[in-house]
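> Have a peek at structure26.pdb (PDB, C-alpha atoms).
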```pdb
ATOM      1  CA  MET A   1      97.182 -79.312 -95.432
ATOM      2  CA  ARG A   2      96.335 -77.590 -92.144
ATOM      3  CA  ASP A   3      92.952 -75.866 -91.926
ATOM      4  CA  THR A   4      93.548 -72.309 -90.704
ATOM      5  CA  GLY A   5      89.859 -71.427 -90.641
ATOM      6  CA  VAL A   6      90.500 -68.629 -93.133
ATOM      7  CA  SER A   7      89.123 -68.830 -96.649
ATOM      8  CA  PRO A   8      91.607 -68.781 -99.561
ATOM      9  CA  GLU A   9      90.186 -65.417-100.689
ATOM     10  CA  HIS A  10      90.893 -63.874 -97.266
ATOM     11  CA  GLN A  11      94.342 -65.463 -97.162
ATOM     12  CA  SER A  12      95.047 -63.974-100.571
ATOM     13  CA  LEU A  13      93.828 -60.522 -99.485
ATOM     14  CA  ARG A  14      95.846 -60.736 -96.280
ATOM     15  CA  ALA A  15      98.941 -61.735 -98.268
ATOM     16  CA  ARG A  16      98.456 -58.854-100.714
ATOM     17  CA  ILE A  17      98.094 -56.366 -97.858
ATOM     18  CA  ALA A  18     101.202 -57.767 -96.159
ATOM     19  CA  ASP A  19     103.167 -57.575 -99.433
ATOM     20  CA  ALA A  20     102.077 -53.970-100.035
ATOM     21  CA  ASP A  21     102.912 -53.087 -96.429
ATOM     22  CA  GLU A  22     106.393 -54.554 -96.787
ATOM     23  CA  ALA A  23     106.992 -52.884-100.171
ATOM     24  CA  VAL A  24     106.066 -49.453 -98.808
ATOM     25  CA  PHE A  25     108.224 -49.966 -95.721
ATOM     26  CA  GLN A  26     111.199 -51.017 -97.867
ATOM     27  CA  SER A  27     110.775 -47.930-100.062
ATOM     28  CA  VAL A  28     110.726 -45.653 -97.031
ATOM     29  CA  ALA A  29     113.676 -47.474 -95.440
ATOM     30  CA  ALA A  30     115.706 -47.087 -98.648
ATOM     31  CA  TYR A  31     114.877 -43.384 -99.020
ATOM     32  CA  HIS A  32     117.597 -41.031 -97.859
ATOM     33  CA  ALA A  33     117.096 -37.362 -97.042
ATOM     34  CA  PRO A  34     119.625 -35.779 -94.673
ATOM     35  CA  MET A  35     117.188 -33.111 -93.463
ATOM     36  CA  LEU A  36     114.563 -35.746 -92.608
ATOM     37  CA  ASP A  37     117.231 -37.879 -90.948
ATOM     38  CA  ARG A  38     118.008 -34.946 -88.653
ATOM     39  CA  THR A  39     114.456 -33.823 -87.872
ATOM     40  CA  LEU A  40     112.046 -36.765 -87.947
ATOM     41  CA  PRO A  41     113.633 -38.851 -85.168
ATOM     42  CA  ASP A  42     113.480 -35.843 -82.823
ATOM     43  CA  LEU A  43     109.895 -35.066 -83.845
ATOM     44  CA  SER A  44     108.914 -38.682 -83.214
ATOM     45  CA  VAL A  45     110.447 -38.609 -79.721
ATOM     46  CA  ILE A  46     108.937 -35.218 -78.839
ATOM     47  CA  ALA A  47     105.500 -36.499 -79.897
ATOM     48  CA  SER A  48     105.672 -39.310 -77.312
ATOM     49  CA  TYR A  49     103.122 -39.089 -74.506
ATOM     50  CA  SER A  50     101.160 -36.530 -76.583
ATOM     51  CA  ARG A  51     103.520 -33.747 -75.478
ATOM     52  CA  ILE A  52     102.989 -31.787 -78.694
ATOM     53  CA  TRP A  53      99.193 -31.878 -78.349
ATOM     54  CA  LEU A  54      99.393 -30.911 -74.671
ATOM     55  CA  GLY A  55     101.619 -27.975 -75.602
ATOM     56  CA  ILE A  56      99.298 -26.756 -78.344
ATOM     57  CA  SER A  57      96.340 -27.063 -75.976
ATOM     58  CA  ALA A  58      98.185 -24.963 -73.410
ATOM     59  CA  ILE A  59      98.775 -22.267 -76.041
ATOM     60  CA  LEU A  60      95.116 -22.344 -77.097
ATOM     61  CA  GLY A  61      94.012 -22.208 -73.473
ATOM     62  CA  ILE A  62      96.256 -19.306 -72.526
ATOM     63  CA  PHE A  63      95.976 -17.155 -75.634
ATOM     64  CA  GLY A  64      92.609 -18.171 -77.068
ATOM     65  CA  GLY A  65      89.042 -17.357 -76.239
ATOM     66  CA  ARG A  66      86.223 -19.652 -75.166
ATOM     67  CA  LYS A  67      86.010 -21.338 -78.574
ATOM     68  CA  GLU A  68      89.738 -22.131 -78.567
ATOM     69  CA  ARG A  69      89.651 -23.425 -74.991
ATOM     70  CA  ILE A  70      86.731 -25.741 -75.766
ATOM     71  CA  ALA A  71      88.501 -26.967 -78.917
ATOM     72  CA  ALA A  72      91.666 -27.644 -76.895
ATOM     73  CA  VAL A  73      89.733 -29.675 -74.337
ATOM     74  CA  GLU A  74      87.897 -31.576 -77.093
ATOM     75  CA  GLY A  75      91.250 -32.348 -78.670
ATOM     76  CA  LEU A  76      92.625 -33.698 -75.404
ATOM     77  CA  VAL A  77      89.495 -35.763 -74.765
ATOM     78  CA  ALA A  78      89.848 -37.249 -78.255
ATOM     79  CA  VAL A  79      93.540 -37.973 -77.593
ATOM     80  CA  GLY A  80      92.748 -39.619 -74.253
ATOM     81  CA  LEU A  81      90.068 -41.887 -75.682
ATOM     82  CA  THR A  82      92.173 -42.743 -78.703
ATOM     83  CA  SER A  83      95.241 -43.495 -76.604
ATOM     84  CA  PHE A  84      93.177 -45.799 -74.419
ATOM     85  CA  LEU A  85      91.810 -47.688 -77.428
ATOM     86  CA  ALA A  86      95.134 -47.869 -79.278
ATOM     87  CA  ASN A  87      97.522 -48.566 -76.424
ATOM     88  CA  LEU A  88      95.471 -50.417 -73.832
ATOM     89  CA  VAL A  89      92.977 -52.279 -76.026
ATOM     90  CA  LEU A  90      94.175 -52.867 -79.583
ATOM     91  CA  LYS A  91      97.872 -53.333 -78.837
ATOM     92  CA  ARG A  92      96.967 -55.992 -76.265
ATOM     93  CA  LEU A  93      94.441 -57.717 -78.520
ATOM     94  CA  ILE A  94      96.608 -57.700 -81.660
ATOM     95  CA  PRO A  95     100.252 -58.431 -80.938
ATOM     96  CA  ARG A  96     102.452 -57.524 -83.890
ATOM     97  CA  GLN A  97     106.206 -57.527 -84.186
ATOM     98  CA  ARG A  98     107.952 -54.266 -85.018
ATOM     99  CA  PRO A  99     109.557 -54.034 -88.481
ATOM    100  CA  THR A 100     112.655 -56.204 -88.745
ATOM    101  CA  GLN A 101     114.281 -54.487 -91.726
ATOM    102  CA  PRO A 102     116.711 -51.887 -90.429
ATOM    103  CA  VAL A 103     116.637 -48.255 -91.423
ATOM    104  CA  PRO A 104     119.847 -46.166 -91.574
ATOM    105  CA  GLU A 105     121.403 -45.832 -88.138
ATOM    106  CA  THR A 106     121.257 -42.027 -88.253
ATOM    107  CA  ARG A 107     117.480 -42.131 -87.967
ATOM    108  CA  GLU A 108     116.792 -45.405 -86.178
ATOM    109  CA  LEU A 109     114.862 -45.301 -82.918
ATOM    110  CA  PRO A 110     114.854 -48.062 -80.308
ATOM    111  CA  ASP A 111     111.890 -50.406 -80.698
ATOM    112  CA  PRO A 112     109.200 -49.849 -78.075
ATOM    113  CA  GLU A 113     108.234 -52.970 -76.156
ATOM    114  CA  SER A 114     104.538 -52.734 -77.043
ATOM    115  CA  SER A 115     102.830 -54.228 -80.083
ATOM    116  CA  SER A 116     103.429 -52.424 -83.349
ATOM    117  CA  PHE A 117      99.706 -52.346 -84.182
ATOM    118  CA  PRO A 118      98.355 -49.684 -84.324
ATOM    119  CA  SER A 119     100.601 -46.623 -84.155
ATOM    120  CA  GLY A 120      99.633 -44.789 -80.976
ATOM    121  CA  HIS A 121     101.552 -41.668 -82.018
ATOM    122  CA  THR A 122      99.593 -41.494 -85.268
ATOM    123  CA  ALA A 123      96.264 -42.267 -83.620
ATOM    124  CA  SER A 124      96.709 -39.490 -81.058
ATOM    125  CA  GLY A 125      97.816 -36.979 -83.678
ATOM    126  CA  ALA A 126      94.905 -37.778 -85.965
ATOM    127  CA  ALA A 127      92.482 -37.520 -83.046
ATOM    128  CA  TYR A 128      93.789 -34.131 -81.943
ATOM    129  CA  ALA A 129      93.971 -32.729 -85.465
ATOM    130  CA  GLY A 130      90.503 -34.083 -86.200
ATOM    131  CA  ALA A 131      88.838 -32.584 -83.156
ATOM    132  CA  VAL A 132      90.624 -29.221 -83.052
ATOM    133  CA  GLY A 133      90.793 -28.839 -86.832
ATOM    134  CA  ARG A 134      87.017 -29.186 -87.122
ATOM    135  CA  ALA A 135      86.398 -26.691 -84.345
ATOM    136  CA  LEU A 136      89.010 -24.193 -85.577
ATOM    137  CA  PRO A 137      89.149 -24.439 -89.391
ATOM    138  CA  ARG A 138      92.232 -22.216 -89.780
ATOM    139  CA  TRP A 139      94.134 -24.725 -87.631
ATOM    140  CA  TRP A 140      92.981 -27.702 -89.753
ATOM    141  CA  ALA A 141      95.819 -27.711 -92.313
ATOM    142  CA  PRO A 142      98.754 -27.129 -89.932
ATOM    143  CA  LEU A 143      97.497 -29.637 -87.358
ATOM    144  CA  ASN A 144      96.800 -32.343 -89.927
ATOM    145  CA  THR A 145     100.155 -31.725 -91.600
ATOM    146  CA  LEU A 146     101.911 -32.047 -88.248
ATOM    147  CA  ALA A 147      99.959 -35.202 -87.331
ATOM    148  CA  ALA A 148     100.660 -36.797 -90.731
ATOM    149  CA  THR A 149     104.366 -35.926 -90.431
ATOM    150  CA  ILE A 150     104.497 -37.587 -87.021
ATOM    151  CA  GLY A 151     102.798 -40.654 -88.500
ATOM    152  CA  PHE A 152     105.304 -40.778 -91.345
ATOM    153  CA  SER A 153     108.152 -40.375 -88.863
ATOM    154  CA  ARG A 154     107.121 -43.618 -87.181
ATOM    155  CA  VAL A 155     107.729 -45.533 -90.415
ATOM    156  CA  TYR A 156     110.775 -43.469 -91.361
ATOM    157  CA  THR A 157     112.488 -44.244 -88.048
ATOM    158  CA  GLY A 158     111.740 -47.958 -88.381
ATOM    159  CA  VAL A 159     109.374 -48.490 -85.458
ATOM    160  CA  HIS A 160     106.095 -49.036 -87.353
ATOM    161  CA  HIS A 161     104.754 -50.736 -90.433
ATOM    162  CA  PRO A 162     102.846 -48.426 -92.808
ATOM    163  CA  SER A 163      99.575 -50.241 -92.052
ATOM    164  CA  ASP A 164     100.049 -49.503 -88.327
ATOM    165  CA  VAL A 165     100.074 -45.821 -89.234
ATOM    166  CA  VAL A 166      97.073 -46.059 -91.586
ATOM    167  CA  VAL A 167      94.955 -47.854 -88.980
ATOM    168  CA  GLY A 168      96.109 -45.451 -86.264
ATOM    169  CA  TRP A 169      95.060 -42.520 -88.468
ATOM    170  CA  MET A 170      91.615 -44.003 -89.106
ATOM    171  CA  LEU A 171      91.135 -44.755 -85.413
ATOM    172  CA  GLY A 172      92.080 -41.225 -84.372
ATOM    173  CA  LYS A 173      89.836 -39.577 -86.960
ATOM    174  CA  THR A 174      86.904 -41.800 -85.960
ATOM    175  CA  VAL A 175      87.260 -40.984 -82.268
ATOM    176  CA  ALA A 176      87.620 -37.260 -83.058
ATOM    177  CA  SER A 177      84.399 -37.362 -85.045
ATOM    178  CA  VAL A 178      82.550 -39.075 -82.194
ATOM    179  CA  VAL A 179      83.871 -36.554 -79.647
ATOM    180  CA  ARG A 180      82.902 -33.584 -81.841
ATOM    181  CA  ARG A 181      79.410 -34.948 -82.591
ATOM    182  CA  SER A 182      78.719 -35.740 -78.957
ATOM    183  CA  HIS A 183      79.050 -32.035 -78.000
ATOM    184  CA  LEU A 184      80.100 -33.332 -74.584
ATOM    185  CA  VAL A 185      82.738 -30.667 -73.932
ATOM    186  CA  PRO A 186      80.618 -27.629 -74.940
ATOM    187  CA  ARG A 187      77.673 -28.936 -72.865
ATOM    188  CA  LEU A 188      79.927 -29.463 -69.866
ATOM    189  CA  ALA A 189      81.445 -25.998 -70.337
ATOM    190  CA  SER A 190      77.951 -24.467 -70.442
ATOM    191  CA  ARG A 191      76.952 -26.220 -67.237
ATOM    192  CA  LEU A 192      80.094 -25.008 -65.522
ATOM    193  CA  GLY A 193      79.446 -21.487 -66.802
ATOM    194  CA  THR A 194      82.740 -21.156 -68.704
TER     195      THR A 194
END
```
Using structure tokens, write down the structure from this file.

Amino acid sequence: MRDTGVSPEHQSLRARIADADEAVFQSVAAYHAPMLDRTLPDLSVIASYSRIWLGISAILGIFGGRKERIAAVEGLVAVGLTSFLANLVLKRLIPRQRPTQPVPETRELPDPESSSFPSGHTASGAAYAGAVGRALPRWWAPLNTLAATIGFSRVYTGVHHPSDVVVGWMLGKTVASVVRRSHLVPRLASRLGT
């Protein structure tokens, strides 16, 4: 028997997580909802490169006051840091194959070439919703709903495992919390006199 350097308890936990991950993915892949088939692939594509969060920040910057502008910048800082960690650090450190089980062709997206782990779309959405939602409480529910829907769309379209989305969500929320607690953006805004 080959020694993997991993205790049997950890192997068992890892196997249970992998089994749960696969079971959830299979359930989502088997689920059929024509409205979701029409909308979630487009939402997933539009969310690429943080376009949705950039657009919302532009709206907040143009139509909002100082508080909204600072929140928008905090959101973008959180997205930038999260994207760096998810896409340039974690995806390179932890190579993971994209899901192999197909989803219905009507909603299937081409597999990105990067590692599946973690979901960068989800991480960015969680970061933006976390930072802006804390600063602007009335925006909390719609932003988190949108971010969670984007995360779900990544599983629904077959490009991510559920655990990729869960870890991406936790990463984004953690970075958002750090950005908000640092008060970096408001301090910088005060120094610049804005």
> Show me as a VMD selection string the residues that reach within 10 Å of (96.9, -34.8, -91.9), counting all atoms listed in the file and using the file's own coordinates.
chain A and resid 122 125 to 126 129 to 130 133 140 to 151 169 173
> Contacts of A:Gly158 at 8 Å or less, counting only C-alpha atoms, minus same-chain residues fewer than 4 places along, as a ChimeraX atom specification?
/A:29,99,101-103,108-109,154
> Carefully work through the PyMOL selection byres ((chain A and resi 50) around 10) for this structure and note down the residues it includes, as a ChimeraX atom specification.
/A:46-49,51-55,76,79-80,83,120-121,124-125,128
> Record the distance separating atom CA of A:Arg38 and atom CA of A:Thr106, expressed in Å with one decimal.
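Here the two named atoms are 7.8 Å from each other.
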> Can you measure atom CA of A:Val73 to atom CA of A:Ser57 for me? One decimal in Å is fine.
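It comes out at 7.3 Å.
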> Between A:Leu43, A:Leu85, A:Val167, A:Ile56, single out the one closest to A:Trp139, counting all atoms listed in the file.
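So, comparing all the options, the nearest one is A:Ile56.
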> Can you pull out the residues contacting A:Ala86? Cut-off 12 Å, using all atoms listed in the file, and skip same-chain residues under 5 positions away; I want them as a PyMOL selection string.
chain A and resi 78-81+91-95+114-124+127+164-165+167-172+175
> Just the number, please: distance in Å from atom CA of A:Ala15 to atom CA of A:Leu90, one decimal.
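Distance reported for this atom pair: 21.2 Å.
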> Under the PyMOL selection byres ((chain A and resi 60-66) around 12), which residues of this model are included? Write them out as a PyMOL selection string.
chain A and resi 53-59+67-76+132+135-136+139+185-186+189-190+193-194
> So which residues touch stretch 20-28 of chain A within 12 Å, counting all atoms listed in the file, skipping near sequence neighbours fewer than 6 positions away, as a PyMOL selection string?
chain A and resi 13-14+36-37+98-104+107+152-166
> Smallest atom-to-atom distance to A:Asp111: which of A:Asp42, A:Leu184, A:Met35, A:Gln97, using all atoms listed in the file?
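Ranked by minimum distance to A:Asp111, first place goes to A:Gln97.
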> Grab all the atoms of stretch 12-18 of chain A that the file lists, wrap them in a box along x, y and z, add 8 Å per side, and give me centre plus edge lengths in Å (one decimal) as lines of an AutoDock Vina configuration file.

```
center_x = 97.5
center_y = -60.2
center_z = -98.4
size_x = 23.4
size_y = 23.6
size_z = 20.6
```
> Using the incomplete input, complete stretch 172-183 of chain A to the level of all heavy atoms; output as a PDB file, in the coordinates of the input.

```
ATOM      1  N   GLY A 172      92.092 -42.572 -84.933  1.00  0.00           N
ATOM      2  CA  GLY A 172      92.080 -41.225 -84.372  1.00  0.00           C
ATOM      3  C   GLY A 172      91.008 -40.340 -84.981  1.00  0.00           C
ATOM      4  O   GLY A 172      90.304 -39.613 -84.271  1.00  0.00           O
ATOM      5  N   LYS A 173      90.856 -40.399 -86.285  1.00  0.00           N
ATOM      6  CA  LYS A 173      89.836 -39.577 -86.960  1.00  0.00           C
ATOM      7  C   LYS A 173      88.428 -40.004 -86.552  1.00  0.00           C
ATOM      8  O   LYS A 173      87.538 -39.163 -86.384  1.00  0.00           O
ATOM      9  CB  LYS A 173      89.994 -39.662 -88.482  1.00  0.00           C
ATOM     10  CG  LYS A 173      91.225 -38.958 -89.002  1.00  0.00           C
ATOM     11  CD  LYS A 173      91.148 -37.465 -88.736  1.00  0.00           C
ATOM     12  CE  LYS A 173      92.323 -36.726 -89.328  1.00  0.00           C
ATOM     13  NZ  LYS A 173      92.255 -35.284 -89.119  1.00  0.00           N
ATOM     14  N   THR A 174      88.217 -41.303 -86.379  1.00  0.00           N
ATOM     15  CA  THR A 174      86.904 -41.800 -85.960  1.00  0.00           C
ATOM     16  C   THR A 174      86.565 -41.309 -84.559  1.00  0.00           C
ATOM     17  O   THR A 174      85.456 -40.823 -84.307  1.00  0.00           O
ATOM     18  CB  THR A 174      86.872 -43.344 -86.019  1.00  0.00           C
ATOM     19  OG1 THR A 174      87.147 -43.761 -87.356  1.00  0.00           O
ATOM     20  CG2 THR A 174      85.526 -43.878 -85.575  1.00  0.00           C
ATOM     21  N   VAL A 175      87.506 -41.438 -83.641  1.00  0.00           N
ATOM     22  CA  VAL A 175      87.260 -40.984 -82.268  1.00  0.00           C
ATOM     23  C   VAL A 175      87.030 -39.475 -82.242  1.00  0.00           C
ATOM     24  O   VAL A 175      86.124 -38.982 -81.552  1.00  0.00           O
ATOM     25  CB  VAL A 175      88.418 -41.388 -81.330  1.00  0.00           C
ATOM     26  CG1 VAL A 175      88.249 -40.749 -79.957  1.00  0.00           C
ATOM     27  CG2 VAL A 175      88.497 -42.898 -81.207  1.00  0.00           C
ATOM     28  N   ALA A 176      87.806 -38.716 -83.006  1.00  0.00           N
ATOM     29  CA  ALA A 176      87.620 -37.260 -83.058  1.00  0.00           C
ATOM     30  C   ALA A 176      86.221 -36.907 -83.528  1.00  0.00           C
ATOM     31  O   ALA A 176      85.575 -36.008 -82.979  1.00  0.00           O
ATOM     32  CB  ALA A 176      88.663 -36.630 -83.990  1.00  0.00           C
ATOM     33  N   SER A 177      85.738 -37.626 -84.529  1.00  0.00           N
ATOM     34  CA  SER A 177      84.399 -37.362 -85.045  1.00  0.00           C
ATOM     35  C   SER A 177      83.336 -37.643 -83.989  1.00  0.00           C
ATOM     36  O   SER A 177      82.385 -36.869 -83.816  1.00  0.00           O
ATOM     37  CB  SER A 177      84.154 -38.223 -86.293  1.00  0.00           C
ATOM     38  OG  SER A 177      82.876 -38.006 -86.808  1.00  0.00           O
ATOM     39  N   VAL A 178      83.507 -38.733 -83.257  1.00  0.00           N
ATOM     40  CA  VAL A 178      82.550 -39.075 -82.194  1.00  0.00           C
ATOM     41  C   VAL A 178      82.571 -38.011 -81.093  1.00  0.00           C
ATOM     42  O   VAL A 178      81.517 -37.568 -80.619  1.00  0.00           O
ATOM     43  CB  VAL A 178      82.862 -40.472 -81.614  1.00  0.00           C
ATOM     44  CG1 VAL A 178      82.056 -40.736 -80.357  1.00  0.00           C
ATOM     45  CG2 VAL A 178      82.602 -41.549 -82.661  1.00  0.00           C
ATOM     46  N   VAL A 179      83.752 -37.576 -80.700  1.00  0.00           N
ATOM     47  CA  VAL A 179      83.871 -36.554 -79.647  1.00  0.00           C
ATOM     48  C   VAL A 179      83.218 -35.255 -80.101  1.00  0.00           C
ATOM     49  O   VAL A 179      82.462 -34.629 -79.353  1.00  0.00           O
ATOM     50  CB  VAL A 179      85.353 -36.330 -79.269  1.00  0.00           C
ATOM     51  CG1 VAL A 179      85.527 -35.079 -78.397  1.00  0.00           C
ATOM     52  CG2 VAL A 179      85.904 -37.548 -78.545  1.00  0.00           C
ATOM     53  N   ARG A 180      83.482 -34.839 -81.335  1.00  0.00           N
ATOM     54  CA  ARG A 180      82.902 -33.584 -81.841  1.00  0.00           C
ATOM     55  C   ARG A 180      81.383 -33.679 -81.936  1.00  0.00           C
ATOM     56  O   ARG A 180      80.672 -32.748 -81.559  1.00  0.00           O
ATOM     57  CB  ARG A 180      83.467 -33.257 -83.234  1.00  0.00           C
ATOM     58  CG  ARG A 180      84.882 -32.792 -83.247  1.00  0.00           C
ATOM     59  CD  ARG A 180      85.089 -31.359 -82.852  1.00  0.00           C
ATOM     60  NE  ARG A 180      84.309 -30.461 -83.693  1.00  0.00           N
ATOM     61  CZ  ARG A 180      83.751 -29.337 -83.261  1.00  0.00           C
ATOM     62  NH1 ARG A 180      83.881 -28.970 -82.020  1.00  0.00           N
ATOM     63  NH2 ARG A 180      83.073 -28.564 -84.073  1.00  0.00           N
ATOM     64  N   ARG A 181      80.866 -34.798 -82.419  1.00  0.00           N
ATOM     65  CA  ARG A 181      79.410 -34.948 -82.591  1.00  0.00           C
ATOM     66  C   ARG A 181      78.675 -35.097 -81.278  1.00  0.00           C
ATOM     67  O   ARG A 181      77.486 -34.812 -81.187  1.00  0.00           O
ATOM     68  CB  ARG A 181      79.107 -36.149 -83.487  1.00  0.00           C
ATOM     69  CG  ARG A 181      79.480 -35.903 -84.928  1.00  0.00           C
ATOM     70  CD  ARG A 181      79.239 -37.123 -85.766  1.00  0.00           C
ATOM     71  NE  ARG A 181      79.822 -36.916 -87.078  1.00  0.00           N
ATOM     72  CZ  ARG A 181      79.317 -37.375 -88.186  1.00  0.00           C
ATOM     73  NH1 ARG A 181      78.213 -38.085 -88.179  1.00  0.00           N
ATOM     74  NH2 ARG A 181      79.904 -37.157 -89.339  1.00  0.00           N
ATOM     75  N   SER A 182      79.374 -35.553 -80.258  1.00  0.00           N
ATOM     76  CA  SER A 182      78.719 -35.740 -78.957  1.00  0.00           C
ATOM     77  C   SER A 182      78.432 -34.408 -78.273  1.00  0.00           C
ATOM     78  O   SER A 182      77.578 -34.331 -77.398  1.00  0.00           O
ATOM     79  CB  SER A 182      79.602 -36.594 -78.046  1.00  0.00           C
ATOM     80  OG  SER A 182      80.709 -35.845 -77.581  1.00  0.00           O
ATOM     81  N   HIS A 183      79.186 -33.364 -78.627  1.00  0.00           N
ATOM     82  CA  HIS A 183      79.050 -32.035 -78.000  1.00  0.00           C
ATOM     83  C   HIS A 183      79.218 -32.109 -76.482  1.00  0.00           C
ATOM     84  O   HIS A 183      78.714 -31.244 -75.760  1.00  0.00           O
ATOM     85  CB  HIS A 183      77.709 -31.387 -78.354  1.00  0.00           C
ATOM     86  CG  HIS A 183      77.492 -31.232 -79.814  1.00  0.00           C
ATOM     87  ND1 HIS A 183      78.201 -30.342 -80.587  1.00  0.00           N
ATOM     88  CD2 HIS A 183      76.645 -31.873 -80.667  1.00  0.00           C
ATOM     89  CE1 HIS A 183      77.796 -30.430 -81.852  1.00  0.00           C
ATOM     90  NE2 HIS A 183      76.869 -31.349 -81.927  1.00  0.00           N
TER      91      HIS A 183
END
```
